[in-house]
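A.B. asks: The file below is structure_22.txt, compact mmCIF, N, CA, C and O atoms:
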# COMPACT_ATOMS: atom_id res chain seq x y z
N MET A 209 87.74 -48.99 -98.85
CA MET A 209 86.38 -48.69 -99.23
C MET A 209 85.79 -49.91 -99.94
O MET A 209 86.46 -50.60 -100.70
N ALA A 210 84.55 -50.16 -99.71
CA ALA A 210 83.87 -51.32 -100.27
C ALA A 210 83.50 -51.08 -101.72
O ALA A 210 83.32 -49.95 -102.17
N ASP A 211 83.41 -52.20 -102.45
CA ASP A 211 82.99 -52.10 -103.85
C ASP A 211 81.50 -51.83 -103.92
O ASP A 211 80.72 -52.35 -103.12
N ILE A 212 81.11 -51.05 -104.90
CA ILE A 212 79.70 -50.77 -105.12
C ILE A 212 79.15 -51.87 -106.01
O ILE A 212 79.73 -52.20 -107.05
N ILE A 213 78.03 -52.45 -105.58
CA ILE A 213 77.41 -53.52 -106.38
C ILE A 213 75.97 -53.15 -106.69
O ILE A 213 75.30 -52.44 -105.95
N ASN A 214 75.51 -53.65 -107.81
CA ASN A 214 74.12 -53.46 -108.20
C ASN A 214 73.33 -54.61 -107.57
O ASN A 214 73.55 -55.78 -107.87
N LEU A 215 72.40 -54.29 -106.68
CA LEU A 215 71.68 -55.31 -105.93
C LEU A 215 70.82 -56.18 -106.84
O LEU A 215 70.69 -57.38 -106.61
N ARG A 216 70.23 -55.59 -107.86
CA ARG A 216 69.39 -56.37 -108.79
C ARG A 216 70.24 -57.43 -109.49
O ARG A 216 69.86 -58.59 -109.55
N ARG A 217 71.40 -57.04 -109.97
CA ARG A 217 72.29 -58.00 -110.64
C ARG A 217 72.78 -59.06 -109.65
O ARG A 217 72.90 -60.24 -109.99
N HIS A 218 73.07 -58.64 -108.45
CA HIS A 218 73.55 -59.58 -107.44
C HIS A 218 72.47 -60.61 -107.11
O HIS A 218 72.75 -61.81 -107.01
N ARG A 219 71.21 -60.16 -106.94
CA ARG A 219 70.12 -61.09 -106.66
C ARG A 219 69.92 -62.07 -107.81
O ARG A 219 69.70 -63.27 -107.60
N LYS A 220 69.99 -61.57 -109.04
CA LYS A 220 69.83 -62.44 -110.21
C LYS A 220 70.97 -63.45 -110.29
O LYS A 220 70.75 -64.62 -110.63
N LYS A 221 72.18 -63.02 -109.98
CA LYS A 221 73.32 -63.92 -109.99
C LYS A 221 73.14 -65.04 -108.97
O LYS A 221 73.37 -66.22 -109.26
N ILE A 222 72.70 -64.68 -107.77
CA ILE A 222 72.47 -65.68 -106.72
C ILE A 222 71.37 -66.64 -107.14
O ILE A 222 71.47 -67.86 -106.95
N ALA A 223 70.29 -66.11 -107.74
CA ALA A 223 69.18 -66.97 -108.18
C ALA A 223 69.65 -67.94 -109.25
O ALA A 223 69.27 -69.12 -109.24
N ARG A 224 70.47 -67.48 -110.19
CA ARG A 224 71.00 -68.37 -111.24
C ARG A 224 71.87 -69.47 -110.64
O ARG A 224 71.79 -70.63 -111.03
N GLU A 225 72.72 -69.11 -109.67
CA GLU A 225 73.58 -70.11 -109.04
C GLU A 225 72.76 -71.16 -108.29
O GLU A 225 73.06 -72.35 -108.37
N GLN A 226 71.72 -70.72 -107.58
CA GLN A 226 70.87 -71.66 -106.87
C GLN A 226 70.11 -72.56 -107.84
O GLN A 226 69.97 -73.76 -107.59
N ALA A 227 69.64 -71.99 -108.95
CA ALA A 227 68.94 -72.78 -109.95
C ALA A 227 69.87 -73.83 -110.55
O ALA A 227 69.47 -74.97 -110.79
N GLU A 228 71.11 -73.46 -110.78
CA GLU A 228 72.08 -74.41 -111.33
C GLU A 228 72.36 -75.54 -110.33
O GLU A 228 72.47 -76.70 -110.71
N GLN A 229 72.45 -75.21 -109.05
CA GLN A 229 72.68 -76.24 -108.05
C GLN A 229 71.50 -77.20 -107.97
O GLN A 229 71.66 -78.41 -107.87
N THR A 230 70.29 -76.64 -108.03
CA THR A 230 69.09 -77.47 -108.01
C THR A 230 69.05 -78.37 -109.23
O THR A 230 68.74 -79.56 -109.14
N ALA A 231 69.36 -77.81 -110.40
CA ALA A 231 69.36 -78.59 -111.63
C ALA A 231 70.40 -79.71 -111.58
O ALA A 231 70.13 -80.83 -112.02
N ALA A 232 71.56 -79.42 -111.03
CA ALA A 232 72.60 -80.44 -110.93
C ALA A 232 72.15 -81.58 -110.02
O ALA A 232 72.37 -82.76 -110.33
N ALA A 233 71.50 -81.24 -108.91
CA ALA A 233 71.01 -82.27 -108.00
C ALA A 233 69.94 -83.12 -108.67
O ALA A 233 69.91 -84.34 -108.52
N ARG A 234 69.05 -82.49 -109.41
CA ARG A 234 68.00 -83.23 -110.10
C ARG A 234 68.57 -84.11 -111.21
O ARG A 234 68.09 -85.20 -111.45
N ARG A 235 69.60 -83.63 -111.90
CA ARG A 235 70.23 -84.46 -112.93
C ARG A 235 70.80 -85.72 -112.32
O ARG A 235 70.70 -86.80 -112.90
N LEU A 236 71.41 -85.59 -111.15
CA LEU A 236 71.94 -86.77 -110.48
C LEU A 236 70.84 -87.71 -110.04
O LEU A 236 70.98 -88.94 -110.10
N GLU A 237 69.73 -87.14 -109.58
CA GLU A 237 68.65 -87.97 -109.04
C GLU A 237 67.81 -88.61 -110.13
O GLU A 237 67.49 -89.80 -110.07
N PHE A 238 67.43 -87.84 -111.13
CA PHE A 238 66.48 -88.32 -112.12
C PHE A 238 67.08 -88.57 -113.49
O PHE A 238 66.48 -89.28 -114.30
N GLY A 239 68.19 -87.99 -113.78
CA GLY A 239 68.75 -88.05 -115.13
C GLY A 239 69.35 -89.41 -115.45
O GLY A 239 70.27 -89.86 -114.81
N ARG A 240 68.76 -90.08 -116.42
CA ARG A 240 69.28 -91.35 -116.90
C ARG A 240 69.21 -91.34 -118.41
O ARG A 240 68.33 -90.71 -119.00
N THR A 241 70.11 -92.05 -119.03
CA THR A 241 70.07 -92.14 -120.48
C THR A 241 69.01 -93.14 -120.90
O THR A 241 68.49 -93.91 -120.08
N LYS A 242 68.69 -93.12 -122.17
CA LYS A 242 67.67 -94.03 -122.69
C LYS A 242 68.10 -95.48 -122.49
O LYS A 242 67.28 -96.35 -122.14
N VAL A 243 69.35 -95.77 -122.69
CA VAL A 243 69.87 -97.13 -122.51
C VAL A 243 69.70 -97.59 -121.07
O VAL A 243 69.31 -98.73 -120.80
N GLN A 244 69.99 -96.69 -120.13
CA GLN A 244 69.84 -97.04 -118.71
C GLN A 244 68.38 -97.32 -118.37
O GLN A 244 68.07 -98.26 -117.63
N ARG A 245 67.46 -96.48 -118.89
CA ARG A 245 66.03 -96.70 -118.62
C ARG A 245 65.57 -98.03 -119.19
O ARG A 245 64.85 -98.79 -118.54
N GLU A 246 65.98 -98.35 -120.42
CA GLU A 246 65.58 -99.61 -121.04
C GLU A 246 66.17 -100.81 -120.30
O GLU A 246 65.50 -101.84 -120.13
N ALA A 247 67.41 -100.69 -119.85
CA ALA A 247 68.03 -101.78 -119.10
C ALA A 247 67.29 -102.01 -117.79
O ALA A 247 67.08 -103.16 -117.37
N GLU A 248 66.87 -100.94 -117.15
CA GLU A 248 66.13 -101.07 -115.89
C GLU A 248 64.77 -101.74 -116.14
O GLU A 248 64.36 -102.61 -115.38
N ARG A 249 64.09 -101.34 -117.20
CA ARG A 249 62.80 -101.96 -117.53
C ARG A 249 62.97 -103.44 -117.82
O ARG A 249 62.16 -104.28 -117.39
N THR A 250 64.02 -103.79 -118.57
CA THR A 250 64.27 -105.19 -118.90
C THR A 250 64.54 -106.00 -117.63
O THR A 250 64.02 -107.11 -117.48
N ALA A 251 65.33 -105.45 -116.73
CA ALA A 251 65.62 -106.14 -115.47
C ALA A 251 64.35 -106.34 -114.65
O ALA A 251 64.15 -107.41 -114.05
N GLU A 252 63.47 -105.34 -114.64
CA GLU A 252 62.21 -105.47 -113.91
C GLU A 252 61.34 -106.57 -114.53
O GLU A 252 60.73 -107.36 -113.82
N ARG A 253 61.27 -106.60 -115.86
CA ARG A 253 60.48 -107.62 -116.54
C ARG A 253 61.02 -109.02 -116.26
O ARG A 253 60.26 -109.95 -116.01
N LEU A 254 62.34 -109.17 -116.30
CA LEU A 254 62.94 -110.47 -116.03
C LEU A 254 62.70 -110.90 -114.59
O LEU A 254 62.43 -112.07 -114.32
N GLY A 255 62.79 -109.95 -113.67
CA GLY A 255 62.53 -110.26 -112.27
C GLY A 255 61.09 -110.68 -112.05
O GLY A 255 60.81 -111.64 -111.33
N ALA A 256 60.16 -109.98 -112.70
CA ALA A 256 58.73 -110.33 -112.57
C ALA A 256 58.46 -111.70 -113.18
O ALA A 256 57.71 -112.51 -112.62
N ALA A 257 59.07 -111.98 -114.32
CA ALA A 257 58.88 -113.28 -114.96
C ALA A 257 59.45 -114.39 -114.10
O ALA A 257 58.88 -115.47 -114.00
N SER A 258 60.57 -114.13 -113.46
CA SER A 258 61.17 -115.13 -112.58
C SER A 258 60.27 -115.42 -111.39
O SER A 258 60.07 -116.57 -111.01
N LEU A 259 59.71 -114.36 -110.82
CA LEU A 259 58.79 -114.56 -109.69
C LEU A 259 57.53 -115.31 -110.14
O LEU A 259 57.06 -116.21 -109.43
N ASP A 260 56.99 -114.95 -111.29
CA ASP A 260 55.79 -115.62 -111.79
C ASP A 260 56.07 -117.10 -112.06
O ASP A 260 55.20 -117.95 -111.89
N GLY A 261 57.28 -117.40 -112.48
CA GLY A 261 57.65 -118.78 -112.75
C GLY A 261 57.74 -119.63 -111.50
O GLY A 261 57.64 -120.85 -111.56
N HIS A 262 57.90 -119.00 -110.35
CA HIS A 262 58.02 -119.73 -109.10
C HIS A 262 56.71 -119.83 -108.32
O HIS A 262 56.67 -120.38 -107.23
N LEU A 263 55.65 -119.28 -108.87
CA LEU A 263 54.36 -119.35 -108.17
C LEU A 263 53.82 -120.77 -108.20
O LEU A 263 53.96 -121.49 -109.18
N ARG A 264 53.20 -121.12 -107.12
CA ARG A 264 52.54 -122.42 -107.05
C ARG A 264 51.05 -122.20 -107.19
O ARG A 264 50.47 -121.38 -106.48
N ILE A 265 50.44 -122.93 -108.11
CA ILE A 265 49.01 -122.79 -108.31
C ILE A 265 48.35 -123.99 -107.64
O ILE A 265 48.65 -125.15 -107.96
N ARG A 266 47.46 -123.70 -106.74
CA ARG A 266 46.75 -124.77 -106.06
C ARG A 266 45.62 -125.24 -106.96
O ARG A 266 45.02 -124.46 -107.70
N GLU A 267 45.32 -126.50 -106.92
CA GLU A 267 44.31 -127.07 -107.81
C GLU A 267 42.91 -126.56 -107.51
O GLU A 267 42.08 -126.47 -108.41
N ASP A 268 42.63 -126.21 -106.27
CA ASP A 268 41.30 -125.73 -105.94
C ASP A 268 41.07 -124.30 -106.38
O ASP A 268 39.95 -123.81 -106.39
N GLU A 269 42.13 -123.57 -106.80
CA GLU A 269 41.98 -122.20 -107.27
C GLU A 269 41.69 -122.12 -108.75
O GLU A 269 41.25 -121.12 -109.25
N THR A 270 41.94 -123.19 -109.51
CA THR A 270 41.75 -123.14 -110.96
C THR A 270 40.36 -123.44 -111.37
O THR A 270 39.46 -123.72 -110.73
Written as structure tokens, how would this file's structure read?

C.D. replies:
Amino acid sequence: MADIINLRRHRKKIAREQAEQTAAARRLEFGRTKVQREAERTAERLGAASLDGHLRIREDET
């Protein structure tokens, strides 16, 4: 004989599990520590400064 289950509780349990899976995926995609965010910003600034340092300015543009 099959076990009797409460459908409302079962639906809520499934919804919680799906929400946890979604949250875990988002943590992997978007979750970074403050140190990681600052390191990324610093790398972007250094890269931009390096590119700006290699620009050639033509005399007729100044």

A.B. asks: Name the residues of chain A that come out as alpha helix (DSSP H) in a backbone DSSP run; write them as an MDAnalysis selection string.

C.D. replies: chainID A and resid 215:238 242:261

A.B. asks: Mind giving me the axis-aligned box for region 226-240 of chain A with 3 Å on every side, centre plus edges in Å to one decimal, as JSON?

C.D. replies:
{"center_x": 69.6, "center_y": -81.0, "center_z": -112.9, "size_x": 12.2, "size_y": 26.6, "size_z": 18.1}

A.B. asks: Please measure the separation of atom N of Glu225 (chain A) and CA of Lys242 (chain A), giving the value in Å to one decimal.

C.D. replies: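 Here the two named atoms are 28.6 Å from each other.
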
A.B. asks: When you draw a straight line from atom N of Glu246 (chain A) to atom C of Thr230 (chain A), how long is it in Å?

C.D. replies: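 The value is 23.1 Å.
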
A.B. asks: CA of Arg266 (chain A) and CA of Leu254 (chain A) are how many Å apart?

C.D. replies: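 One can read the CA of Arg266 (chain A) to CA of Leu254 (chain A) distance as 23.8 Å.
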